[in-house]
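A.B. asks: Below you'll find the structure I mean.
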Amino acid sequence: MPAIVVEGLERSFDDVEAVKGVDLEVQEGEIYGFLGPNGAGKTTTVRMLTTLLLPTGGRAEVAGHDVVREAGAVRRAIGVALQEAALDPLMTGRELIRLQATLHGLPRAEGRRRADALLRRVDLDGAADRRVGIYSGGMQRRLDLAASLVHEPRVLFLDEPTTGLDPVSRKTIWEEVAKLNREGTTVFLTTQYLEEADQLANRVGIIDHGLLVAEGTPRELKGQVGRPHLELTLAGGPSDAAEEICNRFGKPLPAKDGKVLVELEHGAAEVAPVVRALDEAGISVESLDLVEPTLDDVFVEKTGYHLEAEEEAEPAPE
Amino acid sequence: MNALRTNLRVIAALGRRSIWQTFRRPQLMAPIIVFPTLLLAIQTGGAAASVDLPGFPDVDSFLQFMLAGSMMQSMLLAGNSGGIALAVDIEMGFTDRLFAAPISRFSIVLGRLAGTATLGALAGVWFLAIGLIFGAPIEEGVWGALIVLLLVSLTATAIGGIGAAIALRTGSASVVQGLFPLVFVVLFLSSAFFPQSLMVEPAKTIADYNPLSTIVEGIRDPIISGFSATEFFDALLAVAGIGLAGLLLAAAALRRRLRTGG
Amino acid sequence: MRSLANRAAIAALITRSKNELIRVPGAAIPGILAPTIFFLGLNGVFGNLVQLRGFDTDSYLSFIIPISMLQGAGFTGAATGVNLARDIEQGWFDRLMASPTPRWALLAGMVLSACARALIPAALVLTIALLLGAHFPGLIGLFLSALFVAGMAAVAAGWGTMLALRYKSQSAAPLMQAGMFVLILFTAAYAPLDLLQGWLHDIAVVNPVTQIVEAVRQGFVGGVGWQDTWQGLVALVVLMALMLTASLRAMLRFNN
């Protein structure tokens, strides 16, 4: 049985359609990466799947239960760590996890045992009796993750779990998520970071403007994009003349960080001819990189822009 | 001359900003207008029969007596609100932007006070209008209304100086906000809501020495009886005293903030 | 099994709420002191009103005790709403809503904690009042006072949490406080009903909180009787039913 089934899921806020009809399935034991820029509908989708927001259309099942009609059963089966670490700054880490255990109906002794084990697992046992308000960002995220695991959920929802964290903290979270998955937890992970999706996810879904525009394993998706591209840093920056020359050799891509990008129709063999043509036109190349397809390329292919250059703000769920 | 003109422009601009801030966030108007009006309504309805007490001043109604007290309450809360707004500016870093500009430091405080004075005058107009609508005339007429508005604006400025001093010293909106109950302590220990001679000890004695009582009597005078130069100048003196204390404290707090950065 | 779990969840949420008092005392103290400040201030200002014919007591202190006690309940309930609004803004409330604990149990935890906390400012007012010479209401009068204070706190918590769930923002705080302020003071607060004038008299007559005020006041100004008690109880039950239903409804619709 799939862990998550979504059919035509929709959500509108007044006249803003945040999610316009998403279909997806996540198998038991999978890590599913849900990619998209700010405003794409990621968080809205997650909030619907975690019963924190009612859909305005379509349906979804999590752990075999309908998110609207069987919300209580869904809540018993899921763990949730949302975009904002949902913590109480006046509580200690230990109190918070024990409270979470009580809210999930765990007997007192069992709740305490699990709380202590989880605090050790996320390396917070030293700070467990200090108030959450003084924890660093990384500590808060680890505590948030631990709190979402106290009842051993079948499905874990992580909404941008490493946004704002330093590289070391991010790596720690990745390792923990991978370990959880090895132990059998299905993970639905939303992220803005391509590297995160590439590292962790078995399959990736790309959402843009409320619709799923691509889905597959990272390898499959990159394979769809197919060809390498050339990134050129030109003396004097991008120009119409340079772009016209590059267009003769391949498909132009949106400029990034002041560089000219072109997808090479015939691969690496065309690097030298491109540089020669630019040189003949009096355009000097300061540096060049031949880049193999990445998830960012997939993103550009499917949406027309780079994931890191997100523009719009997500309509706030009411 | 140029420097003076520049500073006046800065003060006017910052004063306008503080007024627009208040109007754009209705919850900032609540303490200045809504709460004092509610309390006025409750007290005039609830204690109206007190005009029958022996020794109560000769008034048309308890409302006529209470108007000055409500204005005083509004001024105290306006000063508190101004202090909170300045503290929020400090917390947000907006004052750093002002400090980095080529303007006189103290004009930043004076700008805030100019806004508070204007809001005080508007609140004064509001309560005078309520009085006229609900049958509490101003005995001294138009001239009396102008005296009231003058005293009310000056009081708001003076109280605002104290609010600004606390904001500059602490840099914390929640500390300034925490002084809210103190406003009521000071008010209750004055003749804002009842004739001082009819209050109960020890409030009665404390009210005698409370400068707010002097100011309230100065505001009340043109409304319930007629202009008295003694009451007016006594009130002015009390306002000046509080104002001077507020300005000195604010200047000291500003110097400290500029010196230590916090 | 689930009912045991629900009771444990309610108890855990009540325990959590004590943090506001113990761990941030600076935030709690104004709410605890304010009713006493108002009590002393009102007596200092209006104390001689008892000279007017129509007062059935010679002690203004005794007359206004119920107002201050109920004001404390109102402040506490409004603070419950403000705290919930803060929890919503900070995301903590999502954690509660994503748990399998039923909505009514989440609300019960908040409301019951308000009922318990409201007894603190009430006890302070009562202690100060008795020290200053107010009439002792007797054990039944004391019990009724505690009951009505806790009940009024539940009404106020229902009101505050409903607004918090509706507006999802602490900027609704003035509305939470003003609502209770108006409800409690638009009664025979400062003077007996017969001495009130104009529109305030008319409102006080129909305001159910007037019955609650009289039910608490009776012990302090004369003696406890069944007439005032049952009228007060009916008013309290009706208000609690209204506010708590509205709040629960708001919570059930929170995810809409």
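Following the order of the structure tokens, first chain is A, next is B, and so on, with residues numbered from 1 inside each chain and ligands from 1 in the order they appear.
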Mind checking which residues fall within 12 Å of Val34 (chain B), counting only C-alpha atoms, ignoring those fewer than 2 positions away in the same chain, and posting them as a PDB file with N, CA and C atoms, in the first residue's frame?

C.D. replies:
ATOM      1  N   PRO B  26      -4.513  50.760  14.128  1.00  0.00           N
ATOM      2  CA  PRO B  26      -5.605  51.163  15.013  1.00  0.00           C
ATOM      3  C   PRO B  26      -5.395  50.747  16.465  1.00  0.00           C
ATOM      4  N   GLN B  27      -4.655  49.655  16.665  1.00  0.00           N
ATOM      5  CA  GLN B  27      -4.485  49.223  18.065  1.00  0.00           C
ATOM      6  C   GLN B  27      -3.668  50.229  18.860  1.00  0.00           C
ATOM      7  N   LEU B  28      -2.943  51.149  18.173  1.00  0.00           N
ATOM      8  CA  LEU B  28      -2.218  52.194  18.896  1.00  0.00           C
ATOM      9  C   LEU B  28      -3.164  53.320  19.323  1.00  0.00           C
ATOM     10  N   MET B  29      -4.324  53.403  18.638  1.00  0.00           N
ATOM     11  CA  MET B  29      -5.301  54.430  19.021  1.00  0.00           C
ATOM     12  C   MET B  29      -6.098  53.987  20.245  1.00  0.00           C
ATOM     13  N   ALA B  30      -6.132  52.683  20.466  1.00  0.00           N
ATOM     14  CA  ALA B  30      -6.983  52.163  21.543  1.00  0.00           C
ATOM     15  C   ALA B  30      -6.682  52.806  22.897  1.00  0.00           C
ATOM     16  N   PRO B  31      -5.403  52.842  23.329  1.00  0.00           N
ATOM     17  CA  PRO B  31      -5.159  53.439  24.639  1.00  0.00           C
ATOM     18  C   PRO B  31      -5.424  54.946  24.676  1.00  0.00           C
ATOM     19  N   ILE B  32      -5.303  55.628  23.539  1.00  0.00           N
ATOM     20  CA  ILE B  32      -5.413  57.093  23.556  1.00  0.00           C
ATOM     21  C   ILE B  32      -6.878  57.526  23.505  1.00  0.00           C
ATOM     22  N   PRO B  36      -9.932  55.361  27.294  1.00  0.00           N
ATOM     23  CA  PRO B  36     -10.419  56.482  28.106  1.00  0.00           C
ATOM     24  C   PRO B  36     -11.900  56.796  27.854  1.00  0.00           C
ATOM     25  N   THR B  37     -12.347  56.633  26.609  1.00  0.00           N
ATOM     26  CA  THR B  37     -13.760  56.911  26.313  1.00  0.00           C
ATOM     27  C   THR B  37     -14.659  55.881  26.994  1.00  0.00           C
ATOM     28  N   LEU B  38     -14.233  54.610  26.917  1.00  0.00           N
ATOM     29  CA  LEU B  38     -15.013  53.548  27.584  1.00  0.00           C
ATOM     30  C   LEU B  38     -15.106  53.818  29.083  1.00  0.00           C
ATOM     31  N   LEU B  39     -13.960  54.144  29.663  1.00  0.00           N
ATOM     32  CA  LEU B  39     -13.935  54.395  31.104  1.00  0.00           C
ATOM     33  C   LEU B  39     -14.786  55.615  31.448  1.00  0.00           C
ATOM     34  N   LEU B  40     -14.739  56.625  30.590  1.00  0.00           N
ATOM     35  CA  LEU B  40     -15.565  57.816  30.795  1.00  0.00           C
ATOM     36  C   LEU B  40     -17.034  57.425  30.814  1.00  0.00           C
ATOM     37  N   ALA B  41     -17.416  56.607  29.825  1.00  0.00           N
ATOM     38  CA  ALA B  41     -18.811  56.169  29.743  1.00  0.00           C
ATOM     39  C   ALA B  41     -19.218  55.393  30.989  1.00  0.00           C
ATOM     40  N   SER B  70     -10.511  62.328  31.933  1.00  0.00           N
ATOM     41  CA  SER B  70     -10.367  61.442  30.770  1.00  0.00           C
ATOM     42  C   SER B  70      -9.276  61.957  29.844  1.00  0.00           C
ATOM     43  N   MET B  71      -9.227  63.286  29.692  1.00  0.00           N
ATOM     44  CA  MET B  71      -8.163  63.846  28.851  1.00  0.00           C
ATOM     45  C   MET B  71      -6.797  63.542  29.473  1.00  0.00           C
ATOM     46  N   GLN B  73      -6.011  61.048  31.378  1.00  0.00           N
ATOM     47  CA  GLN B  73      -5.735  59.630  31.165  1.00  0.00           C
ATOM     48  C   GLN B  73      -5.212  59.408  29.745  1.00  0.00           C
ATOM     49  N   SER B  74      -5.883  60.039  28.792  1.00  0.00           N
ATOM     50  CA  SER B  74      -5.485  59.913  27.400  1.00  0.00           C
ATOM     51  C   SER B  74      -4.059  60.423  27.182  1.00  0.00           C
ATOM     52  N   LEU B  77      -1.522  57.946  28.565  1.00  0.00           N
ATOM     53  CA  LEU B  77      -1.409  56.770  27.701  1.00  0.00           C
ATOM     54  C   LEU B  77      -0.772  57.125  26.357  1.00  0.00           C
ATOM     55  N   ALA B  78      -1.009  58.361  25.885  1.00  0.00           N
ATOM     56  CA  ALA B  78      -0.357  58.793  24.643  1.00  0.00           C
ATOM     57  C   ALA B  78       1.155  58.866  24.846  1.00  0.00           C
ATOM     58  N   ALA B 123      -6.895  64.249  20.681  1.00  0.00           N
ATOM     59  CA  ALA B 123      -7.664  63.580  21.741  1.00  0.00           C
ATOM     60  C   ALA B 123      -8.458  64.612  22.535  1.00  0.00           C
ATOM     61  N   TRP B 126     -11.483  65.465  20.648  1.00  0.00           N
ATOM     62  CA  TRP B 126     -12.434  64.348  20.752  1.00  0.00           C
ATOM     63  C   TRP B 126     -13.266  64.450  22.031  1.00  0.00           C
ATOM     64  N   PHE B 127     -12.585  64.643  23.163  1.00  0.00           N
ATOM     65  CA  PHE B 127     -13.319  64.648  24.425  1.00  0.00           C
ATOM     66  C   PHE B 127     -14.174  65.901  24.583  1.00  0.00           C
TER      67      PHE B 127
ATOM     68  N   PRO C 174      -5.816  43.812  22.139  1.00  0.00           N
ATOM     69  CA  PRO C 174      -6.679  44.867  22.708  1.00  0.00           C
ATOM     70  C   PRO C 174      -8.156  44.496  22.659  1.00  0.00           C
ATOM     71  N   LEU C 175      -8.560  43.803  21.598  1.00  0.00           N
ATOM     72  CA  LEU C 175      -9.966  43.402  21.488  1.00  0.00           C
ATOM     73  C   LEU C 175     -10.321  42.389  22.576  1.00  0.00           C
ATOM     74  N   GLN C 177      -8.889  42.131  25.509  1.00  0.00           N
ATOM     75  CA  GLN C 177      -8.955  42.794  26.817  1.00  0.00           C
ATOM     76  C   GLN C 177     -10.160  43.715  26.905  1.00  0.00           C
ATOM     77  N   ALA C 178     -10.405  44.466  25.826  1.00  0.00           N
ATOM     78  CA  ALA C 178     -11.512  45.432  25.842  1.00  0.00           C
ATOM     79  C   ALA C 178     -12.851  44.721  26.006  1.00  0.00           C
ATOM     80  N   GLY C 179     -12.989  43.578  25.370  1.00  0.00           N
ATOM     81  CA  GLY C 179     -14.247  42.836  25.460  1.00  0.00           C
ATOM     82  C   GLY C 179     -14.610  42.497  26.893  1.00  0.00           C
ATOM     83  N   PHE C 181     -13.272  43.883  29.604  1.00  0.00           N
ATOM     84  CA  PHE C 181     -13.367  45.160  30.308  1.00  0.00           C
ATOM     85  C   PHE C 181     -14.802  45.682  30.246  1.00  0.00           C
ATOM     86  N   VAL C 182     -15.345  45.714  29.037  1.00  0.00           N
ATOM     87  CA  VAL C 182     -16.695  46.220  28.829  1.00  0.00           C
ATOM     88  C   VAL C 182     -17.723  45.319  29.516  1.00  0.00           C
TER      89      VAL C 182
END

A.B. asks: What are the DSSP helix (DSSP H, G or I) residues of region 20-171 of chain A, as a PyMOL selection string?

C.D. replies: chain A and resi 42-49+71-77+93-103+108-121+132-134+137-147+167-171

A.B. asks: Excluding Leu165 (chain A) and any residue of its chain fewer than 3 positions from it, enumerate the residues within 9 Å of it, using only C-alpha atoms, and give them as a list of chain:residue names.

C.D. replies: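 So the residues in contact are A:Gly137, A:Gly138, A:Arg141, A:Pro161, A:Thr162, A:Val168, A:Ser169, A:Arg170.
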
A.B. asks: Between C:Ala114, C:Val205, C:Val221, C:Ile22, which one has atoms that come closest to Val50 (chain C), using only C-alpha atoms?

C.D. replies: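 Closest to Val50 (chain C), using only C-alpha atoms: C:Val221.
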
A.B. asks: Could you name the residues that touch Ala105 (chain C) at 9 Å or less, counting only C-alpha atoms, but leaving out those on the same chain fewer than 4 positions away, as number ranges by chain?

C.D. replies: C: 6-7, 9-10, 101, 109-110

A.B. asks: Restricted to C-alpha atoms, what would the selected residues look like written as a short mmCIF file (atom, residue, chain, number, x, y, z; two decimals), in the first residue's frame?

C.D. replies:
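Okay, this is what ended up in part-v2.cif:
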data_model
loop_
_atom_site.label_atom_id
_atom_site.label_comp_id
_atom_site.auth_asym_id
_atom_site.auth_seq_id
_atom_site.Cartn_x
_atom_site.Cartn_y
_atom_site.Cartn_z
CA ASN C 6 -7.03 12.85 26.80
CA ARG C 7 -6.98 13.50 30.54
CA ALA C 9 -2.98 15.62 27.61
CA ILE C 10 -5.19 18.16 29.40
CA THR C 101 -5.35 14.90 20.91
CA GLY C 109 -6.28 22.45 28.82
CA MET C 110 -6.14 26.18 28.03
#

A.B. asks: Find the residues around Ile207 (chain A) up to 10 Å (only C-alpha atoms counted), leave out those fewer than 5 positions away in its own chain, and share them as a PDB file with N, CA and C atoms, in the first residue's frame.

C.D. replies:
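So the final result, stored in selection-v8.pdb, reads:
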ATOM      1  N   VAL A  19      -2.559  25.640  -4.826  1.00  0.00           N
ATOM      2  CA  VAL A  19      -2.302  24.281  -5.320  1.00  0.00           C
ATOM      3  C   VAL A  19      -3.433  23.966  -6.292  1.00  0.00           C
ATOM      4  N   VAL A  22      -2.726  18.529  -7.728  1.00  0.00           N
ATOM      5  CA  VAL A  22      -1.490  17.743  -7.654  1.00  0.00           C
ATOM      6  C   VAL A  22      -1.837  16.266  -7.527  1.00  0.00           C
ATOM      7  N   PHE A  34      10.304  16.959  -2.466  1.00  0.00           N
ATOM      8  CA  PHE A  34       9.307  17.830  -3.088  1.00  0.00           C
ATOM      9  C   PHE A  34       9.980  19.188  -3.287  1.00  0.00           C
ATOM     10  N   LEU A  35      10.335  19.469  -4.541  1.00  0.00           N
ATOM     11  CA  LEU A  35      11.127  20.656  -4.842  1.00  0.00           C
ATOM     12  C   LEU A  35      10.272  21.764  -5.404  1.00  0.00           C
ATOM     13  N   GLY A  36      10.675  22.989  -5.099  1.00  0.00           N
ATOM     14  CA  GLY A  36       9.985  24.112  -5.724  1.00  0.00           C
ATOM     15  C   GLY A  36      10.409  25.406  -5.063  1.00  0.00           C
ATOM     16  N   PRO A  37      10.281  26.510  -5.767  1.00  0.00           N
ATOM     17  CA  PRO A  37      10.674  27.790  -5.186  1.00  0.00           C
ATOM     18  C   PRO A  37       9.637  28.277  -4.182  1.00  0.00           C
ATOM     19  N   GLY A  39       6.558  30.058  -2.886  1.00  0.00           N
ATOM     20  CA  GLY A  39       5.312  30.399  -3.568  1.00  0.00           C
ATOM     21  C   GLY A  39       4.821  29.332  -4.508  1.00  0.00           C
ATOM     22  N   ALA A  40       5.554  28.202  -4.615  1.00  0.00           N
ATOM     23  CA  ALA A  40       5.164  27.151  -5.565  1.00  0.00           C
ATOM     24  C   ALA A  40       3.968  26.345  -5.070  1.00  0.00           C
ATOM     25  N   GLY A  41       3.811  26.263  -3.738  1.00  0.00           N
ATOM     26  CA  GLY A  41       2.719  25.452  -3.193  1.00  0.00           C
ATOM     27  C   GLY A  41       3.211  24.292  -2.358  1.00  0.00           C
ATOM     28  N   LYS A  42       4.512  24.257  -2.069  1.00  0.00           N
ATOM     29  CA  LYS A  42       5.069  23.135  -1.294  1.00  0.00           C
ATOM     30  C   LYS A  42       4.465  23.059   0.105  1.00  0.00           C
ATOM     31  N   THR A  45       0.824  22.264   0.267  1.00  0.00           N
ATOM     32  CA  THR A  45       0.587  20.833   0.043  1.00  0.00           C
ATOM     33  C   THR A  45       0.883  20.049   1.320  1.00  0.00           C
ATOM     34  N   LEU A 212       2.362  19.972 -10.287  1.00  0.00           N
ATOM     35  CA  LEU A 212       3.537  19.102 -10.370  1.00  0.00           C
ATOM     36  C   LEU A 212       3.991  19.099 -11.826  1.00  0.00           C
ATOM     37  N   VAL A 213       5.207  19.575 -12.076  1.00  0.00           N
ATOM     38  CA  VAL A 213       5.656  19.692 -13.461  1.00  0.00           C
ATOM     39  C   VAL A 213       6.623  18.581 -13.858  1.00  0.00           C
ATOM     40  N   ALA A 214       7.152  17.850 -12.896  1.00  0.00           N
ATOM     41  CA  ALA A 214       8.051  16.739 -13.218  1.00  0.00           C
ATOM     42  C   ALA A 214       8.124  15.816 -12.017  1.00  0.00           C
ATOM     43  N   GLU A 215       8.400  14.558 -12.300  1.00  0.00           N
ATOM     44  CA  GLU A 215       8.525  13.577 -11.213  1.00  0.00           C
ATOM     45  C   GLU A 215       9.384  12.422 -11.691  1.00  0.00           C
ATOM     46  N   PHE A 299      15.173  21.719 -13.344  1.00  0.00           N
ATOM     47  CA  PHE A 299      14.248  22.755 -12.892  1.00  0.00           C
ATOM     48  C   PHE A 299      14.069  23.831 -13.961  1.00  0.00           C
ATOM     49  N   LYS A 302      12.020  22.579 -16.804  1.00  0.00           N
ATOM     50  CA  LYS A 302      10.587  22.400 -16.542  1.00  0.00           C
ATOM     51  C   LYS A 302       9.867  23.710 -16.220  1.00  0.00           C
ATOM     52  N   THR A 303      10.591  24.657 -15.642  1.00  0.00           N
ATOM     53  CA  THR A 303       9.909  25.869 -15.168  1.00  0.00           C
ATOM     54  C   THR A 303      10.368  27.141 -15.867  1.00  0.00           C
TER      55      THR A 303
END

A.B. asks: Give me, as number ranges by chain, the contact residues of chain C against chain A at a cut-off of 10 Å, counting only C-alpha atoms.

C.D. replies: C: 1-13, 15-17, 19-20, 22-24, 87-102, 105-106, 166-168, 253-256

A.B. asks: Which residues of chain B are close to chain C, meaning at most 6 Å apart when you count only C-alpha atoms, and how do they look as a PyMOL selection string?

C.D. replies: chain B and resi 45-46+188+194+199-200+203

A.B. asks: Grab the residues selected above and save them as a tab-separated table (two decimals), in the first residue's frame with C-alpha atoms.

C.D. replies:
chain	number	residue	atom	x	y	z
B	45	GLY	CA	-23.02	56.20	34.13
B	46	GLY	CA	-21.88	54.43	37.27
B	188	PHE	CA	-6.06	57.20	40.83
B	194	PHE	CA	-13.14	62.72	41.72
B	199	MET	CA	-11.49	61.17	48.13
B	200	VAL	CA	-10.64	58.57	50.76
B	203	ALA	CA	-5.37	58.77	48.29

A.B. asks: Tell me, in Å to one decimal, how far CA of Met240 (chain C) is from CA of Gln43 (chain B).

C.D. replies: 27.1 Å

A.B. asks: Could you please determine the separation between CA of Ala49 (chain B) and CA of Gly232 (chain C) in Å, to one decimal place?

C.D. replies: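 So the two atoms, CA of Ala49 (chain B) and CA of Gly232 (chain C), lie 26.1 Å apart.
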
A.B. asks: Neighbouring residues of Ala241 (chain C) were defined as those with any atom within 12 Å, considering only C-alpha atoms; residues of the same chain fewer than 4 positions away were excluded. Please report them as a short mmCIF file (atom, residue, chain, number, x, y, z; two decimals) with C-alpha atoms, in the first residue's frame.

C.D. replies:
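Result file is part-v3.cif:
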data_model
loop_
_atom_site.label_atom_id
_atom_site.label_comp_id
_atom_site.auth_asym_id
_atom_site.auth_seq_id
_atom_site.Cartn_x
_atom_site.Cartn_y
_atom_site.Cartn_z
CA GLY C 151 -16.21 30.47 35.77
CA MET C 152 -15.64 34.03 34.59
CA ALA C 154 -13.49 30.30 31.55
CA VAL C 155 -15.79 32.80 29.83
CA ALA C 156 -12.88 35.17 29.24
CA GLY C 158 -13.34 31.26 25.61
CA TRP C 159 -13.59 34.81 24.30
CA VAL C 234 -27.61 30.60 35.30
CA ALA C 235 -25.92 33.68 33.83
CA LEU C 236 -22.50 32.07 34.26
CA VAL C 237 -23.52 28.77 32.70
CA THR C 245 -18.89 26.73 22.03
CA ALA C 246 -17.75 29.66 19.90
CA SER C 247 -14.14 28.92 20.76
CA LEU C 248 -14.41 25.21 20.01
CA ARG C 249 -16.12 26.02 16.74
#

A.B. asks: Would you compute the distance between CA of Gly282 (chain A) and CA of Gly237 (chain A)? Give it in Å to one decimal.

C.D. replies: 13.1 Å

A.B. asks: Find, counting only C-alpha atoms, the residue in A:Gly164, A:Ile97, A:Leu261, A:His209 that gets nearest to Val16 (chain A).

C.D. replies: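 Closest candidate: A:His209.
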
A.B. asks: Among region 16-168 of chain A, which ones does DSSP place in strand (DSSP E or B), written as a PyMOL selection string?

C.D. replies: chain A and resi 16-26+31-35+57-62+65-66+78-81+92+131+155-159

A.B. asks: Contacts between region 60-68 of chain B and region 100-183 of chain B, please, where a residue of region 100-183 of chain B counts if it comes within 10 Å (with only C-alpha atoms); show its shortest atom pair and distance in Å to one decimal, rows by chain and ascending number, as CSV.

C.D. replies:
residue,atom,partner,partner_atom,distance
B:Gly124,CA,B:Ala68,CA,9.0
B:Phe127,CA,B:Leu67,CA,6.6
B:Leu128,CA,B:Leu67,CA,7.5
B:Ile130,CA,B:Leu67,CA,8.7
B:Gly131,CA,B:Gln64,CA,6.7
B:Leu132,CA,B:Gln64,CA,9.3
B:Phe134,CA,B:Leu63,CA,8.2
B:Gly135,CA,B:Gln64,CA,8.1
B:Ala136,CA,B:Gln64,CA,4.8
B:Pro137,CA,B:Gln64,CA,7.2
B:Ile138,CA,B:Gln64,CA,8.1
B:Glu139,CA,B:Gln64,CA,9.8
B:Val148,CA,B:Ala68,CA,8.7
B:Val152,CA,B:Ala68,CA,9.2

A.B. asks: Let's have the selection written as a tab-separated table (two decimals), in the first residue's frame, with N, CA and C atoms.

C.D. replies:
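Listing of part_34.tsv after writing:
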chain	number	residue	atom	x	y	z
B	124	GLY	N	-7.85	65.76	22.78
B	124	GLY	CA	-8.56	66.84	23.48
B	124	GLY	C	-9.80	67.26	22.73
B	127	PHE	N	-12.58	64.64	23.16
B	127	PHE	CA	-13.32	64.65	24.43
B	127	PHE	C	-14.17	65.90	24.58
B	128	LEU	N	-13.70	67.03	24.07
B	128	LEU	CA	-14.53	68.23	24.11
B	128	LEU	C	-15.79	68.02	23.28
B	130	ILE	N	-17.24	65.13	22.66
B	130	ILE	CA	-18.12	64.22	23.41
B	130	ILE	C	-18.89	65.01	24.46
B	131	GLY	N	-18.17	65.90	25.12
B	131	GLY	CA	-18.84	66.70	26.15
B	131	GLY	C	-19.98	67.51	25.56
B	132	LEU	N	-19.71	68.15	24.43
B	132	LEU	CA	-20.75	69.00	23.82
B	132	LEU	C	-21.93	68.16	23.35
B	134	PHE	N	-22.96	65.25	24.48
B	134	PHE	CA	-23.72	64.61	25.56
B	134	PHE	C	-24.07	65.58	26.69
B	135	GLY	N	-24.07	66.85	26.36
B	135	GLY	CA	-24.64	67.84	27.28
B	135	GLY	C	-23.72	68.31	28.37
B	136	ALA	N	-22.42	68.42	28.07
B	136	ALA	CA	-21.48	68.97	29.06
B	136	ALA	C	-20.79	70.18	28.44
B	137	PRO	N	-21.37	71.36	28.57
B	137	PRO	CA	-20.82	72.54	27.88
B	137	PRO	C	-19.52	73.03	28.54
B	138	ILE	N	-18.77	73.79	27.75
B	138	ILE	CA	-17.55	74.42	28.28
B	138	ILE	C	-17.93	75.82	28.74
B	139	GLU	N	-17.87	76.03	30.04
B	139	GLU	CA	-18.37	77.28	30.62
B	139	GLU	C	-17.64	78.49	30.04
B	148	VAL	N	-7.89	74.70	27.14
B	148	VAL	CA	-7.87	73.26	27.40
B	148	VAL	C	-6.94	72.56	26.42
B	152	VAL	N	-3.57	70.53	27.25
B	152	VAL	CA	-3.57	69.10	26.92
B	152	VAL	C	-2.37	68.76	26.03

A.B. asks: Can you list, as a list in words, every protein, DNA or RNA residue that comes within 9 Å of Met72 (chain B) when you count only C-alpha atoms, leaving out same-chain residues fewer than 5 positions away?

C.D. replies: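 Counting only the stated atoms, we get Leu67, Leu77, Val152, Thr155, Ala156, Leu187, Ala192, Leu212, Ile215, Val216 and Ile219 of chain B.
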